[in-house]
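Chemist: What follows is a structure written as structure tokens; I'll ask about it next.
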4 protein chains.
Amino acid sequence: MVAAKKVVLAYSGGVDTSICIPYLKNIYGVSEVIAYIADLGQGDDLNIVKQKALDSGASEAFIGNLVESFIENYAYPAIRANALYLGKYPLSTALARPLIAENLVATARSCDAMAVAHGCTGKGNDQVRFDLAINALGPDLEIITPAREWKMSREEAISYGEKFGIPAPVSKKSPYSIDVNLLGRSVEAGYLEDPMRPPSDDVFEMTASIQEAPDISEEVEIEFKNGYPIKFGGENLKSIELIKSANILAGKHGFGRIDMIEDRVVGIKSREIYETPGLLLLIKAHKELESITLSPEVIDFKEFIEKKWSQLVYQGFWFGPLKEALDSFIESTQKNVNGIVKIRLHKGNAIIVGRNSSNNSLYREDLATYSHDDSFNHENAKGFIYMWGMANKIWAESSLKDSK
Amino acid sequence: MVAAKKVVLAYSGGVDTSICIPYLKNIYGVSEVIAYIADLGQGDDLNIVKQKALDSGASEAFIGNLVESFIENYAYPAIRANALYLGKYPLSTALARPLIAENLVATARSCDAMAVAHGCTGKGNDQVRFDLAINALGPDLEIITPAREWKMSREEAISYGEKFGIPAPVSKKSPYSIDVNLLGRSVEAGYLEDPMRPPSDDVFEMTASIQEAPDISEEVEIEFKNGYPIKFGGENLKSIELIKSANILAGKHGFGRIDMIEDRVVGIKSREIYETPGLLLLIKAHKELESITLSPEVIDFKEFIEKKWSQLVYQGFWFGPLKEALDSFIESTQKNVNGIVKIRLHKGNAIIVGRNSSNNSLYREDLATYSHDDSFNHENAKGFIYMWGMANKIWAESSLKDSK
Amino acid sequence: MVAAKKVVLAYSGGVDTSICIPYLKNIYGVSEVIAYIADLGQGDDLNIVKQKALDSGASEAFIGNLVESFIENYAYPAIRANALYLGKYPLSTALARPLIAENLVATARSCDAMAVAHGCTGKGNDQVRFDLAINALGPDLEIITPAREWKMSREEAISYGEKFGIPAPVSKKSPYSIDVNLLGRSVEAGYLEDPMRPPSDDVFEMTASIQEAPDISEEVEIEFKNGYPIKFGGENLKSIELIKSANILAGKHGFGRIDMIEDRVVGIKSREIYETPGLLLLIKAHKELESITLSPEVIDFKEFIEKKWSQLVYQGFWFGPLKEALDSFIESTQKNVNGIVKIRLHKGNAIIVGRNSSNNSLYREDLATYSHDDSFNHENAKGFIYMWGMANKIWAESSLKDSK
Amino acid sequence: MVAAKKVVLAYSGGVDTSICIPYLKNIYGVSEVIAYIADLGQGDDLNIVKQKALDSGASEAFIGNLVESFIENYAYPAIRANALYLGKYPLSTALARPLIAENLVATARSCDAMAVAHGCTGKGNDQVRFDLAINALGPDLEIITPAREWKMSREEAISYGEKFGIPAPVSKKSPYSIDVNLLGRSVEAGYLEDPMRPPSDDVFEMTASIQEAPDISEEVEIEFKNGYPIKFGGENLKSIELIKSANILAGKHGFGRIDMIEDRVVGIKSREIYETPGLLLLIKAHKELESITLSPEVIDFKEFIEKKWSQLVYQGFWFGPLKEALDSFIESTQKNVNGIVKIRLHKGNAIIVGRNSSNNSLYREDLATYSHDDSFNHENAKGFIYMWGMANKIWAESSLKDSK
């Protein structure tokens, strides 16, 4: 039994969240379950999902169109942060969680609900991300997590659902556990739990295999303003169109697959497969543009910021004071990240073939050149090295003396 | 005029170091120039180089066979450090410099020379690496750097050389400035100074282009012991053979090219092209094996160590107390890095397809699984999240209160 | 009910751990409780404590003399790490926990017990430190924590104890919760929970107040070898004697009190009072000696190591792979930390009045001096600043151009 | 000979900068030297200094009243950054340099001068700070540094000056080299170059010795808003008055002396004595207030930011893109740093005796308390520790298995 009478449930249309509805009512004593369905560009027919929620006993069901916010307020900041958890995973699923939580809380407020619910299990990262984001935005709201507590096996859960008119899944269950949104797909479970077995082709939907990818390469120019992508292939595109174009082009050429051992928040290692073609392409281009527009010490230190940013987002701290402060740091650096990056897509590769910034390039051919136009003062090297190596030399002299 | 009468010169056989010989004698007043020629697997006929040194006026010329030491004492530690400067460059040239310096100092000692010399210019990184390494090992030795000081244009230098019997280069000068050793090739200058112009095919010698690379992929297993590669493709190989095999396989499939904007020690950005197929492959495999054998907090913190290690080596501090302490940290972590990584080479890609450690895997299928055999205690999640998110929730509650 | 029949309990002699004995037997169904009493120099009569354990129903009771190990294997590494959690707390209590855990596990092994128990509550740090250390050394051992689970108020606990012959505390309970060992005292609770109320004099036992401290200052020389303190006041002292001398001298002069807001592992802030005179004095002296014997980049980077070391120890990861690797780093740096530091104790202050290292000083008067004997080459400054400031100047030029 | 005809010289009134005037004109061929005299609260009569400049041959002399800007734009940001170089030095001198440079450049602009000059020598930090700040704000301006290049001994310099009517210093030269401004005094050289000799009393002017300090302690409340000090001792004070009050109170009680071995930018260690009573007091109070108003992970990460901030300012990068980004991070954190800190000053000590924030305290007595009002859920500890220690336990299990 919980205190709340009215609960807003994050509803996906899957059998687990469907079962949550009668379970919340019967076991937790909730009188009204309001289903909240987030449109993140996952491509399902959400009206069908909505009907399913009502059929499963929800008193109301809302579809929230979050796609634009997802790209502009979540994916774009991740691009500016060059966010790659463990140097690999661009957080495509992790980024969606605080956005859903934000809307769960808003829905709870507008419906006068005192609780929200989600169907996450107890060993994943998403429960942490949901709970922490809900706590941050609505610390007074109760959070109910039936699937973390019900201890039913999948079969038991399905037959529990059937008692309340929730049809058992007709098609053979996918061997995988999959999460999809406009940024990409996360796939795990099944034989993928064996870290020596590579994913077979049916794991992927957004990216071609290297074999399938065209023999002919293709080049694209991506333009950034203040660290935000604004043009793709020469065209000004709105955020959703831009990410879609990037997904299509990179996916066609087989770029954007990830196979990794990941350290989860709960302390275990898991094996994860991702495909996030567009997001990875944009991060790669963005980072390259920074290599020419940011000062060395900014590049160096921003790496710490990026690493921390990625960890915080992965671990559920999207809404929190440290994340906020890191964003301020990043904001300060991005005003100079203007220019274009040219990338060649070919057979799984995204090869940088050029980068330029008309107004903010810190690359100076007159200083870098080995030609006659060299404006670098070579004579200064001696003085530089004298002091640059001073402490090391003092150490060496001391060591020699000491060893005598 | 310098104080030293006898000087050991790092000699490559190129026209610049050749000119250094008469220049040292005539301008600096050195009476005896001893040429030291380092064999780093660059593939030149070093007996010809030796003769060139003598013809240019060297009183003696020594060839040092440094290949094995280069791989075992320099490349292998870099693999254990997952060393990638700016996340990209595996330091193939940088690693060679302290090794040459070490041997210059040893040669100076055995010849009773009080000075060493090298032909580096004043804006590159190599001068810094040479000078600092020499200072560390022989802080009493004078370092003479004619090319940093002579202010002759290339044409003037060549005609200066001709006066002393050093033939002008017959072949048309390469448009590039190139450094080669067994680990790879570094190419810069010429039209590559334009960061919008991609390198043409003549830049590369160790790696096939994606077009040229075979249509059929190839898989290889690499085995590591204590973080050192010991088997390649199932075969126990000595270090030199192992790196050669890795170079050949990765190069054949077009893996290992780098095109980057680099932040030099002297404060400028330069555009660099590298090909380091084997070294990059081994670092990638090693890092993957660590993802399954190292604890999350070790992986996380080792990244700081790795970044610092790479910077120190890039910046010339191979012989120094901080590098030594970082090596001790790394040594401590590598005792568990045992196992194999399986990689598929294909069209420029090196795709991890499996990783395993019989004795040191921290991946636990019984904890990670979504199947019935799950031994993870889901109920503990609630308590975990309560405390994991405690500080964030307190902050949120305080913020809400404050905003009222 | 727990699985284990025989349990080794960390026993302090206090009413809470005493009550644990009948509670373990009656509520958890344990048949044999073995009391382990750690001697950490806290100064209690441990034979009385032992008798108390037996009287409370323990089948056996062991006293472990851990003082020397505590200082040499726990406190001395902390000194080399300059370990100060949040820049203030030298971990005097935290260091004791893994040592006790180590001995609990050893006792369990020797007694064939399959479980260990401790009396920590659920919001402190010590439970985390105990549990993690026990898990690290005996991951197969069950850990039983009655006081974290029994939900009795203090009054209920006492009357529960009385039923089993455990006398209620006769003296008025101290208003504070106190932990004591040879390194210091930790005091919390009571009115100290108000962060605006300063501790009154009865909180402190090892340190004089500033008023009480002598008007006359006293100087002491502390000598270190490889980062370990070896002499105090000119005398070679064994570890226990050395820390005692340091406690007495610093305490007499009122040095070593800490009043701070601390971030606990469980996510809350708490207000803590410590007095750790000797340990703080030795850390201060050690750090000062490092300022003259370690290279600047080692000092700089070691700070990260120290911070992480302190956090790991505070948070319970004494036995863990990252702590081990950090120790290797520190070990590598300490071989040069040889020399003496002279400190003046006076009215709460420990003022460094001199530092010297005969063989490892990196301070070079000939380079630092403003006198005629200056051997520093001033002319090199121009070249140094040219390159040191190069990237910043390029950025400035670009910014000016951009703003036009 | 330099290109510029008109030069703005940073002028202090000392004999060295005075000599720079004829030297610039006679040796460098400058036709017009404009003296810029910065008022930083050093307490000299600057009209006398101005007359000295004109007497020494300056064509014009300007006094810039920079005190308010110094405190508000330089010292206050340092307080928010808890800036302590090497954990000790609050940058009192370092902060003044970019401010002077800013005004040198502005003066050069308004006078149409194409160069600026300063009298720093070649081994100090100030030359670096001046040069880098000037480069950042006026990268086109020439920087002339006579004292770094003239190679005259002090005696030679004085007699050179006498030839141009600059009187030799009449009083016996101070044994020290001293820099003074409103924030404090920096003292070095003379016998202080021996790190075993403590400073004698004549070194200090702003702070009493412990002996001289009153026997009676005094308490003061300092209030901060957004991380800025706004009240001192209950009074709203403007910045200059506030720092003066802090100087007087802390100085009277002997708080604020520093004696340290410092790692200079140019690679050498030097021994420095500072007294900065007010600034140190305010930093201490500010940091304490943060301990109660900032979230643990912000406190933890801000330490990295603070360390980098301090290094950048010490090393001359006040005006630079990384400093700017760090300031943005800090700004984001300071909005919650509101409240008061109560400090007791006594015999060299500044003891925190209370801290409170009405609206932003994250200290929660209901969670921290050991009393009956505890609202912390102890039962959650088990779940927390299960996952908090999960990875460490997996490692331990693997290690045990491996060692068998």
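If you're wondering about the labels, chains in the structure tokens are A, B, ... by order shown, residues count from 1 in each chain, ligands from 1 in order shown.
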For stretch 104-119 of chain B, list every protein, DNA or RNA residue within 7 Å, evaluated using only C-alpha atoms, and leave out those in the same chain fewer than 6 positions away; present the list as a ChimeraX atom specification.
Modeler: /B:4,6-10,16-17,20,36,134,137-138,141-147
Chemist: Hey, which bits of chain D sit within 7 Å of chain C, and for each residue what's the closest pair of atoms and how far apart in Å (one decimal), counting only C-alpha atoms, rows by chain and increasing number, as CSV?
Modeler:
```
residue,atom,partner,partner_atom,distance
D:Gly122,CA,C:His378,CA,4.3
D:Lys123,CA,C:His378,CA,5.9
D:Val128,CA,C:Ile385,CA,6.4
D:Leu132,CA,C:Gly389,CA,5.9
D:Asn135,CA,C:Lys393,CA,5.6
D:Ala136,CA,C:Ala396,CA,5.0
D:Leu137,CA,C:Ala396,CA,6.9
D:Pro139,CA,C:Glu397,CA,6.2
D:Arg148,CA,C:His378,CA,6.4
D:Glu149,CA,C:Glu379,CA,6.4
D:Ala189,CA,C:Tyr370,CA,6.1
D:Glu193,CA,C:Thr369,CA,6.6
D:Pro195,CA,C:Gly354,CA,5.6
D:Met196,CA,C:Gly354,CA,3.9
D:Arg197,CA,C:Gly354,CA,6.1
D:Pro198,CA,C:Val353,CA,4.9
D:Ile261,CA,C:Ser291,CA,6.0
D:Asp263,CA,C:Pro296,CA,6.0
D:Ile268,CA,C:Ala368,CA,6.7
D:Lys269,CA,C:Tyr363,CA,5.3
D:Ser270,CA,C:Ala368,CA,5.6
D:Ser291,CA,C:Ile261,CA,6.0
D:Ile292,CA,C:Ile261,CA,6.6
D:Pro296,CA,C:Asp263,CA,6.0
D:Gly320,CA,C:Asn392,CA,6.3
D:Lys347,CA,C:Lys347,CA,6.4
D:Gly348,CA,C:Asn349,CA,6.9
D:Asn349,CA,C:Gly348,CA,6.9
D:Val353,CA,C:Pro198,CA,4.9
D:Gly354,CA,C:Met196,CA,3.9
D:Arg355,CA,C:Met196,CA,5.5
D:Asn356,CA,C:Met196,CA,6.5
D:Tyr363,CA,C:Lys269,CA,5.3
D:Glu365,CA,C:Glu193,CA,6.6
D:Ala368,CA,C:Ser270,CA,5.6
D:Thr369,CA,C:Glu193,CA,6.6
D:Tyr370,CA,C:Ala189,CA,6.1
D:His378,CA,C:Gly122,CA,4.3
D:Glu379,CA,C:Glu149,CA,6.4
D:Ala381,CA,C:Gly122,CA,5.3
D:Ile385,CA,C:Val128,CA,6.4
D:Gly389,CA,C:Leu132,CA,5.9
D:Asn392,CA,C:Gly320,CA,6.3
D:Lys393,CA,C:Ala136,CA,5.6
D:Ala396,CA,C:Ala136,CA,5.0
D:Glu397,CA,C:Pro139,CA,6.2
```
Chemist: Can you write just those residues out, N, CA and C atoms, as a CSV table (one decimal), in the first residue's frame?
Modeler:
```
chain,number,residue,atom,x,y,z
D,122,GLY,N,64.2,38.6,-14.9
D,122,GLY,CA,64.0,37.4,-15.7
D,122,GLY,C,63.7,36.1,-15.0
D,123,LYS,N,63.7,36.1,-13.7
D,123,LYS,CA,63.4,34.9,-13.0
D,123,LYS,C,62.2,34.9,-12.1
D,128,VAL,N,56.1,37.2,-16.2
D,128,VAL,CA,55.2,36.3,-17.0
D,128,VAL,C,53.8,36.8,-16.9
D,132,LEU,N,52.0,38.2,-20.3
D,132,LEU,CA,50.8,37.4,-20.8
D,132,LEU,C,49.6,38.3,-20.8
D,135,ASN,N,49.9,40.7,-23.7
D,135,ASN,CA,49.6,40.0,-24.9
D,135,ASN,C,48.2,39.7,-25.1
D,136,ALA,N,47.5,39.4,-24.0
D,136,ALA,CA,46.1,39.0,-24.2
D,136,ALA,C,45.2,40.2,-24.6
D,137,LEU,N,45.6,41.4,-24.0
D,137,LEU,CA,44.7,42.6,-24.2
D,137,LEU,C,45.2,43.5,-25.4
D,139,PRO,N,47.7,42.3,-28.1
D,139,PRO,CA,48.7,41.5,-28.7
D,139,PRO,C,49.6,42.2,-29.8
D,148,ARG,N,65.3,43.0,-17.5
D,148,ARG,CA,65.5,41.6,-17.9
D,148,ARG,C,66.7,41.5,-18.8
D,149,GLU,N,67.1,42.6,-19.4
D,149,GLU,CA,68.1,42.5,-20.4
D,149,GLU,C,69.4,43.2,-20.2
D,189,ALA,N,64.0,37.1,-0.5
D,189,ALA,CA,65.4,37.5,-0.6
D,189,ALA,C,66.1,37.7,0.7
D,193,GLU,N,66.5,33.4,1.9
D,193,GLU,CA,66.8,32.4,0.9
D,193,GLU,C,67.3,31.1,1.6
D,195,PRO,N,66.1,28.2,3.6
D,195,PRO,CA,64.8,27.7,4.1
D,195,PRO,C,64.8,27.2,5.5
D,196,MET,N,66.0,27.2,6.2
D,196,MET,CA,66.0,26.8,7.6
D,196,MET,C,66.0,28.0,8.5
D,197,ARG,N,66.0,29.2,7.9
D,197,ARG,CA,66.0,30.4,8.8
D,197,ARG,C,64.6,31.0,8.8
D,198,PRO,N,64.0,31.0,10.0
D,198,PRO,CA,62.6,31.6,10.1
D,198,PRO,C,62.7,33.1,9.9
D,261,ILE,N,57.7,27.2,0.6
D,261,ILE,CA,58.5,26.9,-0.5
D,261,ILE,C,57.6,26.8,-1.7
D,263,ASP,N,56.7,26.8,-5.9
D,263,ASP,CA,57.2,26.4,-7.3
D,263,ASP,C,56.8,27.5,-8.3
D,268,ILE,N,61.8,27.0,-10.9
D,268,ILE,CA,62.6,26.9,-9.7
D,268,ILE,C,61.7,27.0,-8.4
D,269,LYS,N,62.3,26.5,-7.4
D,269,LYS,CA,61.6,26.6,-6.1
D,269,LYS,C,62.2,27.9,-5.4
D,270,SER,N,61.3,28.7,-4.8
D,270,SER,CA,61.8,29.8,-4.0
D,270,SER,C,61.1,29.8,-2.6
D,291,SER,N,30.9,24.7,2.7
D,291,SER,CA,30.7,23.4,3.2
D,291,SER,C,29.3,23.1,3.6
D,292,ILE,N,28.5,24.1,3.9
D,292,ILE,CA,27.2,23.9,4.3
D,292,ILE,C,26.1,24.2,3.2
D,296,PRO,N,27.8,17.9,-2.0
D,296,PRO,CA,29.1,17.2,-1.9
D,296,PRO,C,29.8,17.1,-3.2
D,320,GLY,N,42.3,34.8,-20.3
D,320,GLY,CA,42.4,33.7,-21.2
D,320,GLY,C,41.2,32.9,-21.2
D,347,LYS,N,45.3,34.6,19.0
D,347,LYS,CA,46.7,34.2,19.0
D,347,LYS,C,47.1,33.4,17.8
D,348,GLY,N,46.9,34.0,16.6
D,348,GLY,CA,47.3,33.4,15.4
D,348,GLY,C,46.3,32.5,14.7
D,349,ASN,N,45.3,32.2,15.5
D,349,ASN,CA,44.3,31.3,15.0
D,349,ASN,C,43.0,32.0,14.5
D,353,VAL,N,33.6,29.1,14.5
D,353,VAL,CA,32.8,28.7,15.6
D,353,VAL,C,31.3,28.5,15.2
D,354,GLY,N,31.0,28.8,14.0
D,354,GLY,CA,29.6,28.6,13.5
D,354,GLY,C,29.4,29.0,12.1
D,355,ARG,N,28.5,28.3,11.4
D,355,ARG,CA,28.1,28.7,10.0
D,355,ARG,C,26.7,28.4,9.9
D,356,ASN,N,26.0,29.3,9.1
D,356,ASN,CA,24.6,29.1,8.9
D,356,ASN,C,24.2,29.8,7.6
D,363,TYR,N,22.7,21.3,5.2
D,363,TYR,CA,22.8,20.5,6.4
D,363,TYR,C,21.4,20.3,6.9
D,365,GLU,N,19.5,18.8,10.0
D,365,GLU,CA,19.6,18.2,11.3
D,365,GLU,C,18.6,17.0,11.5
D,368,ALA,N,20.7,14.3,10.0
D,368,ALA,CA,22.0,14.0,10.7
D,368,ALA,C,21.9,13.6,12.1
D,369,THR,N,20.8,13.9,12.7
D,369,THR,CA,20.7,13.7,14.2
D,369,THR,C,20.8,12.3,14.6
D,370,TYR,N,21.3,12.1,15.9
D,370,TYR,CA,21.2,10.8,16.5
D,370,TYR,C,20.1,10.8,17.5
D,378,HIS,N,17.3,4.1,8.0
D,378,HIS,CA,18.5,3.2,8.2
D,378,HIS,C,18.4,1.9,7.4
D,379,GLU,N,17.2,1.5,7.2
D,379,GLU,CA,17.1,0.2,6.5
D,379,GLU,C,17.7,0.2,5.1
D,381,ALA,N,20.3,1.3,4.2
D,381,ALA,CA,21.8,1.1,4.2
D,381,ALA,C,22.2,-0.2,3.6
D,385,ILE,N,24.8,-0.3,0.5
D,385,ILE,CA,26.2,-0.9,0.6
D,385,ILE,C,26.3,-2.1,-0.4
D,389,GLY,N,29.4,-1.3,-2.8
D,389,GLY,CA,30.5,-2.2,-2.7
D,389,GLY,C,30.6,-3.3,-3.7
D,392,ASN,N,33.7,-3.8,-5.9
D,392,ASN,CA,34.8,-4.1,-5.0
D,392,ASN,C,34.7,-5.6,-4.6
D,393,LYS,N,33.5,-6.0,-4.4
D,393,LYS,CA,33.3,-7.4,-4.0
D,393,LYS,C,33.6,-8.4,-5.1
D,396,ALA,N,37.1,-8.7,-5.4
D,396,ALA,CA,37.7,-9.6,-4.3
D,396,ALA,C,37.4,-11.0,-4.6
D,397,GLU,N,36.2,-11.3,-5.1
D,397,GLU,CA,35.9,-12.7,-5.4
D,397,GLU,C,36.8,-13.2,-6.6
```
Chemist: List every residue of stretch 264-395 of chain C that DSSP, applied to the backbone of this structure, assigns to alpha helix (DSSP H), and report them as number ranges by chain.
Modeler: C: 277-293, 296-314, 321-334, 365-368, 380-388, 390-395
Chemist: Among stretch 64-305 of chain B, which residues does DSSP mark as strand (DSSP E or B) when it is run on the backbone? Keep the chain and numbering as in the structure and answer as a PyMOL selection string.
Modeler: chain B and resi 64-65+85+89+115-117+142-144+177-181+184-188+218-225+228-232+235-236+257-263+269-275
Chemist: Using only C-alpha atoms, which protein or nucleic acid residues come within 7 Å of stretch 54-68 of chain A? Drop anything in the same chain fewer than 4 positions from it, and give the result as a list in words.
Modeler: Ser18, Ile21, Pro22, Glu32, Val33, Ile34, Ala35, Tyr36, Ile37, Ala38, Asp39, Leu40, Gly41, Lys50, Glu72, Gly165, Ile166 and Ile240 of chain A
Chemist: What is the distance, in Å and to one decimal place, between atom CA of C:Ser186 and atom CA of C:Ala250?
Modeler: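 So the answer is 16.9 Å.
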Chemist: Can you list, as an NGL selection string, every protein, DNA or RNA residue that comes within 8 Å of A:Ser159 when you count only C-alpha atoms, leaving out same-chain residues fewer than 4 positions away?
Modeler: :A and (155 or 163 or 168)
Chemist: Closest to B:Lys88 among B:Ile283, B:Met206, B:Ile343, B:Val313, using only C-alpha atoms?
Modeler: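 Among B:Ile283, B:Met206, B:Ile343, B:Val313, it is B:Ile283 that comes nearest to B:Lys88.
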Chemist: Could you work out how far atom CA of C:Leu326 lies from atom CA of D:Leu312, giving the answer in Å with one decimal?
Modeler: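 Separation between atom CA of D:Leu312 and atom CA of C:Leu326: 26.5 Å.
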